[in-house]
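The file structure_30.cif contains mmCIF, C-alpha atoms:
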data_data
loop_
_atom_site.label_atom_id
_atom_site.label_comp_id
_atom_site.auth_asym_id
_atom_site.auth_seq_id
_atom_site.Cartn_x
_atom_site.Cartn_y
_atom_site.Cartn_z
CA MET I 558 -16.25 -30.88 -7.16
CA ALA I 559 -14.03 -31.79 -10.04
CA ASP I 560 -14.52 -28.43 -11.68
CA GLU I 561 -14.33 -25.94 -8.84
CA LYS I 562 -13.08 -22.38 -9.22
CA LYS I 563 -10.24 -21.27 -6.95
CA GLY I 564 -9.03 -17.73 -7.39
CA GLY I 565 -10.58 -17.51 -10.86
CA VAL I 566 -8.73 -20.62 -12.09
CA ALA I 567 -10.51 -23.88 -12.86
CA THR I 568 -8.96 -26.85 -11.09
CA GLU I 569 -9.32 -30.46 -12.12
CA ALA I 570 -9.37 -33.54 -9.96
CA PRO I 571 -6.22 -35.69 -10.16
CA GLY I 572 -6.28 -38.22 -12.95
CA GLN I 573 -8.58 -36.23 -15.23
CA GLN I 574 -7.17 -34.92 -18.48
CA VAL I 575 -7.48 -31.21 -19.24
CA PRO I 576 -9.26 -30.68 -22.56
CA PRO I 577 -7.22 -28.80 -25.18
CA TYR I 578 -7.97 -25.24 -26.15
CA PRO I 579 -10.77 -24.92 -28.71
CA GLY I 580 -9.37 -25.40 -32.20
CA ALA I 581 -6.01 -26.70 -30.97
CA PRO I 582 -4.95 -30.14 -32.16
CA PRO I 583 -4.49 -32.69 -29.38
CA TYR I 584 -0.94 -33.02 -28.09
CA PRO I 585 0.56 -36.20 -29.53
CA GLN I 586 1.99 -38.43 -26.82
CA GLY I 587 5.30 -39.94 -27.97
CA ALA I 588 4.56 -39.29 -31.64
CA TYR I 589 8.04 -38.00 -32.36
CA GLY I 590 9.76 -41.22 -31.37
CA GLN I 591 12.99 -39.55 -30.32
CA ALA I 592 14.43 -38.70 -26.98
CA PRO I 593 15.57 -35.11 -26.49
CA PRO I 594 19.22 -34.46 -27.32
CA PRO I 595 21.65 -34.94 -24.43
CA TYR I 596 22.56 -31.91 -22.39
CA GLN I 597 25.63 -30.17 -23.82
CA VAL I 598 27.95 -28.47 -21.33
CA GLN I 599 29.04 -25.11 -22.67
CA PRO I 600 32.50 -23.74 -21.80
CA THR I 601 32.23 -21.45 -18.80
CA THR I 602 34.71 -18.78 -17.78
CA PHE I 603 35.18 -17.70 -14.19
CA VAL I 604 37.37 -14.80 -13.06
CA PHE I 605 38.36 -14.81 -9.41
CA PRO I 606 39.65 -11.45 -8.11
CA ASN I 607 42.84 -11.56 -6.10
CA THR I 608 42.75 -9.43 -2.97
CA ALA I 609 46.54 -9.19 -2.77
CA GLY I 610 46.67 -6.50 -5.48
CA GLN I 611 47.72 -8.87 -8.26
CA GLN I 612 45.94 -9.76 -11.46
CA PRO I 613 42.84 -11.93 -10.98
CA ALA I 614 43.13 -15.65 -11.63
CA TYR I 615 41.53 -17.03 -14.76
CA VAL I 616 39.82 -20.43 -14.86
CA GLN I 617 37.92 -21.90 -17.79
CA HIS I 618 35.83 -25.06 -17.63
CA VAL I 619 36.33 -26.55 -21.07
CA ALA I 620 34.46 -29.85 -20.72
CA PRO I 621 33.01 -31.82 -17.85
CA GLY I 622 35.85 -32.65 -15.50
CA GLN I 623 38.45 -30.56 -17.38
CA VAL I 624 39.70 -27.19 -16.18
CA ASP I 625 42.07 -24.95 -18.13
CA HIS I 626 43.92 -22.67 -15.68
CA SER I 627 45.89 -20.22 -17.77
CA GLY I 628 47.17 -17.85 -15.11
CA PRO I 629 46.50 -14.13 -14.74
CA VAL I 630 44.17 -12.21 -17.01
CA PRO I 631 45.93 -9.52 -19.07
CA ASN I 632 45.26 -5.87 -18.28
CA ASP I 633 43.13 -4.19 -20.95
CA HIS I 634 44.65 -0.68 -20.39
CA LEU I 635 41.28 0.93 -21.20
CA LYS I 636 41.62 3.77 -18.68
CA PHE I 637 45.10 4.64 -19.95
CA ALA I 638 43.80 4.57 -23.55
CA ILE I 639 40.87 6.87 -22.74
CA ILE I 640 43.08 9.37 -20.89
CA THR I 641 45.65 9.51 -23.68
CA THR I 642 42.88 9.89 -26.26
CA ILE I 643 41.36 12.86 -24.43
CA CYS I 644 44.54 14.55 -23.20
CA CYS I 645 47.23 13.71 -25.73
CA PHE I 646 46.84 12.56 -29.32
CA TRP I 647 43.40 11.28 -30.25
CA PRO I 648 44.14 9.41 -33.53
CA THR I 649 46.51 6.99 -31.84
CA GLY I 650 44.39 7.01 -28.68
CA ILE I 651 41.39 5.73 -30.62
CA LEU I 652 43.47 2.77 -31.81
CA ALA I 653 44.43 2.13 -28.19
CA ILE I 654 40.77 2.18 -27.11
CA LEU I 655 39.84 -0.26 -29.89
CA LYS I 656 42.60 -2.67 -28.84
CA ALA I 657 41.59 -2.35 -25.17
CA VAL I 658 37.99 -3.22 -26.00
CA GLU I 659 39.20 -6.11 -28.15
CA THR I 660 41.23 -7.34 -25.17
CA ARG I 661 38.10 -7.38 -22.99
CA GLU I 662 36.17 -9.31 -25.63
CA LEU I 663 38.95 -11.87 -26.04
CA ILE I 664 39.13 -12.37 -22.29
CA ALA I 665 35.37 -12.91 -22.20
CA HIS I 666 35.71 -15.56 -24.93
CA GLY I 667 38.57 -17.23 -23.08
CA ASP I 668 41.25 -16.55 -25.72
CA ILE I 669 44.02 -15.48 -23.35
CA ALA I 670 46.86 -15.77 -25.89
CA ARG I 671 45.25 -13.29 -28.29
CA ALA I 672 44.11 -11.15 -25.34
CA ASN I 673 47.75 -10.81 -24.22
CA GLU I 674 48.75 -9.66 -27.72
CA SER I 675 45.86 -7.20 -27.92
CA SER I 676 46.68 -5.89 -24.44
CA ARG I 677 50.29 -5.32 -25.47
CA LYS I 678 49.13 -3.37 -28.55
CA ALA I 679 46.66 -1.31 -26.49
CA ARG I 680 49.49 -0.34 -24.12
CA MET I 681 51.83 0.41 -27.05
CA PHE I 682 49.28 2.68 -28.77
CA SER I 683 48.53 4.44 -25.46
CA ILE I 684 52.23 5.09 -24.84
CA LEU I 685 52.63 6.27 -28.44
CA ALA I 686 49.69 8.66 -28.04
CA LEU I 687 51.22 9.95 -24.79
CA CYS I 688 54.63 10.50 -26.41
CA ILE I 689 53.18 12.25 -29.46
CA GLY I 690 51.00 14.43 -27.22
CA LEU I 691 53.92 15.40 -25.00
CA PHE I 692 56.11 16.07 -28.05
CA LEU I 693 53.46 18.32 -29.56
CA PHE I 694 52.83 20.09 -26.24
CA PHE I 695 56.50 20.84 -25.59
CA GLY I 696 57.07 21.58 -29.29
CA ILE I 697 54.39 24.26 -29.22
CA ILE I 698 55.86 25.75 -26.04
CA VAL I 699 59.36 25.82 -27.54
CA TYR I 700 58.06 27.24 -30.83
CA GLY I 701 56.08 29.93 -29.00
CA THR I 702 59.06 30.84 -26.85
CA ILE I 703 61.35 31.09 -29.90
CA MET I 704 58.81 33.27 -31.72
CA VAL I 705 58.50 35.63 -28.73
CA ILE I 706 62.31 35.91 -28.49
CA LEU I 707 62.65 36.54 -32.22
CA ASN I 708 59.96 39.23 -32.11
CA GLN I 709 61.73 40.98 -29.23
CA VAL I 710 65.08 40.80 -31.03
CA ALA I 711 63.51 42.17 -34.24
CA ARG I 712 62.06 45.19 -32.36
CA HIS I 713 65.44 46.22 -30.93
#
Taking this structure as input, can you express it in the form of structure tokens?
Amino acid sequence: MADEKKGGVATEAPGQQVPPYPGAPPYPQGAYGQAPPPYQVQPTTFVFPNTAGQQPAYVQHVAPGQVDHSGPVPNDHLKFAIITTICCFWPTGILAILKAVETRELIAHGDIARANESSRKARMFSILALCIGLFLFFGIIVYGTIMVILNQVARH
């Protein structure tokens, strides 16, 4: 009864030791002489969305019992950066996308101070791409209009 088969698995009676696999050395009991290292609490970041339309709150658990509450999470401006890259001026828009992604990574690592700086640069590069794109768009329209007028004047 000590070695019955249940569902294809051999079961042992309580108190009997299971023999090791063939060729495997026996498991040493307490041979290492050391206790396992104490459990280390890793910093954990929680982002709580705010339903009032404001930025979500940011809370980081730094050590057991300590909480670092640094206020709102900065906006990464990724959507704005993508739109200005596609529609306006892509060289500056790519820089804006890179800074927006960097902002997200810094927020994930809990570095809010650097995330704020990166967010500011992402917004700046997006606005710059928008301004350059609008300048080029209206510049081409003005140039085309002037060329059409000059061609009409030259024909008369």
Practice task
Might you pull out every residue within 6 Å of region 634-648 of chain I, with all atoms listed in the file counted and same-chain residues fewer than 3 positions away left off, and present them as a list in words?
Solution key: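 In the requested format, the answer is Ile651, Ala653, Ile654, Ala657, Ser683, Ala686, Leu687 and Gly690 of chain I.
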Problem - Proximity to Arg671 (chain I) - best of I:Glu659, I:Gly650, I:Ile706, I:Gly696, all atoms listed in the file - result: I:Glu659
Exercise for the section: State, in Å with one decimal place, the distance from CA of Ile684 (chain I) to CA of Ile697 (chain I). Expected result: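 One can read the CA of Ile684 (chain I) to CA of Ile697 (chain I) distance as 19.8 Å.
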Problem - Residues matched by the PyMOL selection byres ((chain I and resi 676) around 7), written as a PyMOL selection string - result: chain I and resi 631-634+656-657+660+672-675+677-680
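Reported to one decimal place, the separation of CA of Leu652 (chain I) from CA of Leu693 (chain I) is 18.6 Å.
Coordinates place CA of Leu685 (chain I) at a distance of 20.7 Å from CA of Arg661 (chain I).
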Handout entry: Selected residue, from I:Ala670, I:Phe682, I:Phe694, I:Val705, that lies nearest to Leu655 (chain I) when counting only C-alpha atoms
Key = I:Phe682
Grab all the atoms of region 641-655 of chain I that the file lists, wrap them in a box along x, y and z, add 5 Å per side, and give me centre plus edge lengths in Å (one decimal) as JSON.
{"center_x": 43.5, "center_y": 7.1, "center_z": -28.4, "size_x": 17.4, "size_y": 24.8, "size_z": 20.3}
Atom completion result for region 628-639 of chain I (N, CA, C and O atoms) as an mmCIF file, in the frame of the given file:
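Output saved as part.cif:
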data_model
loop_
_atom_site.group_PDB
_atom_site.id
_atom_site.type_symbol
_atom_site.label_atom_id
_atom_site.label_comp_id
_atom_site.auth_asym_id
_atom_site.auth_seq_id
_atom_site.Cartn_x
_atom_site.Cartn_y
_atom_site.Cartn_z
ATOM 1 N N GLY I 628 46.434 -18.879 -15.815
ATOM 2 C CA GLY I 628 47.170 -17.850 -15.110
ATOM 3 C C GLY I 628 46.424 -16.526 -15.092
ATOM 4 O O GLY I 628 45.212 -16.480 -15.247
ATOM 5 N N PRO I 629 47.151 -15.430 -14.918
ATOM 6 C CA PRO I 629 46.500 -14.130 -14.740
ATOM 7 C C PRO I 629 45.882 -13.615 -16.046
ATOM 8 O O PRO I 629 46.344 -13.904 -17.134
ATOM 9 N N VAL I 630 44.842 -12.846 -15.882
ATOM 10 C CA VAL I 630 44.170 -12.210 -17.010
ATOM 11 C C VAL I 630 44.960 -10.966 -17.382
ATOM 12 O O VAL I 630 45.381 -10.204 -16.517
ATOM 13 N N PRO I 631 45.181 -10.718 -18.676
ATOM 14 C CA PRO I 631 45.930 -9.520 -19.070
ATOM 15 C C PRO I 631 45.140 -8.245 -18.774
ATOM 16 O O PRO I 631 43.912 -8.247 -18.776
ATOM 17 N N ASN I 632 45.868 -7.179 -18.518
ATOM 18 C CA ASN I 632 45.260 -5.870 -18.280
ATOM 19 C C ASN I 632 44.801 -5.314 -19.627
ATOM 20 O O ASN I 632 45.525 -5.391 -20.615
ATOM 21 N N ASP I 633 43.621 -4.708 -19.674
ATOM 22 C CA ASP I 633 43.130 -4.190 -20.950
ATOM 23 C C ASP I 633 43.610 -2.755 -21.226
ATOM 24 O O ASP I 633 43.526 -2.292 -22.344
ATOM 25 N N HIS I 634 44.116 -2.039 -20.248
ATOM 26 C CA HIS I 634 44.650 -0.680 -20.390
ATOM 27 C C HIS I 634 43.616 0.300 -20.931
ATOM 28 O O HIS I 634 43.971 1.279 -21.597
ATOM 29 N N LEU I 635 42.330 0.066 -20.664
ATOM 30 C CA LEU I 635 41.280 0.930 -21.200
ATOM 31 C C LEU I 635 41.325 2.328 -20.604
ATOM 32 O O LEU I 635 41.183 3.315 -21.330
ATOM 33 N N LYS I 636 41.557 2.444 -19.306
ATOM 34 C CA LYS I 636 41.620 3.770 -18.680
ATOM 35 C C LYS I 636 42.768 4.587 -19.254
ATOM 36 O O LYS I 636 42.600 5.772 -19.564
ATOM 37 N N PHE I 637 43.926 3.964 -19.376
ATOM 38 C CA PHE I 637 45.100 4.640 -19.950
ATOM 39 C C PHE I 637 44.801 5.093 -21.378
ATOM 40 O O PHE I 637 45.133 6.209 -21.777
ATOM 41 N N ALA I 638 44.137 4.242 -22.156
ATOM 42 C CA ALA I 638 43.800 4.570 -23.550
ATOM 43 C C ALA I 638 42.837 5.747 -23.617
ATOM 44 O O ALA I 638 43.000 6.648 -24.447
ATOM 45 N N ILE I 639 41.841 5.771 -22.731
ATOM 46 C CA ILE I 639 40.870 6.870 -22.740
ATOM 47 C C ILE I 639 41.541 8.190 -22.355
ATOM 48 O O ILE I 639 41.316 9.222 -22.984
#
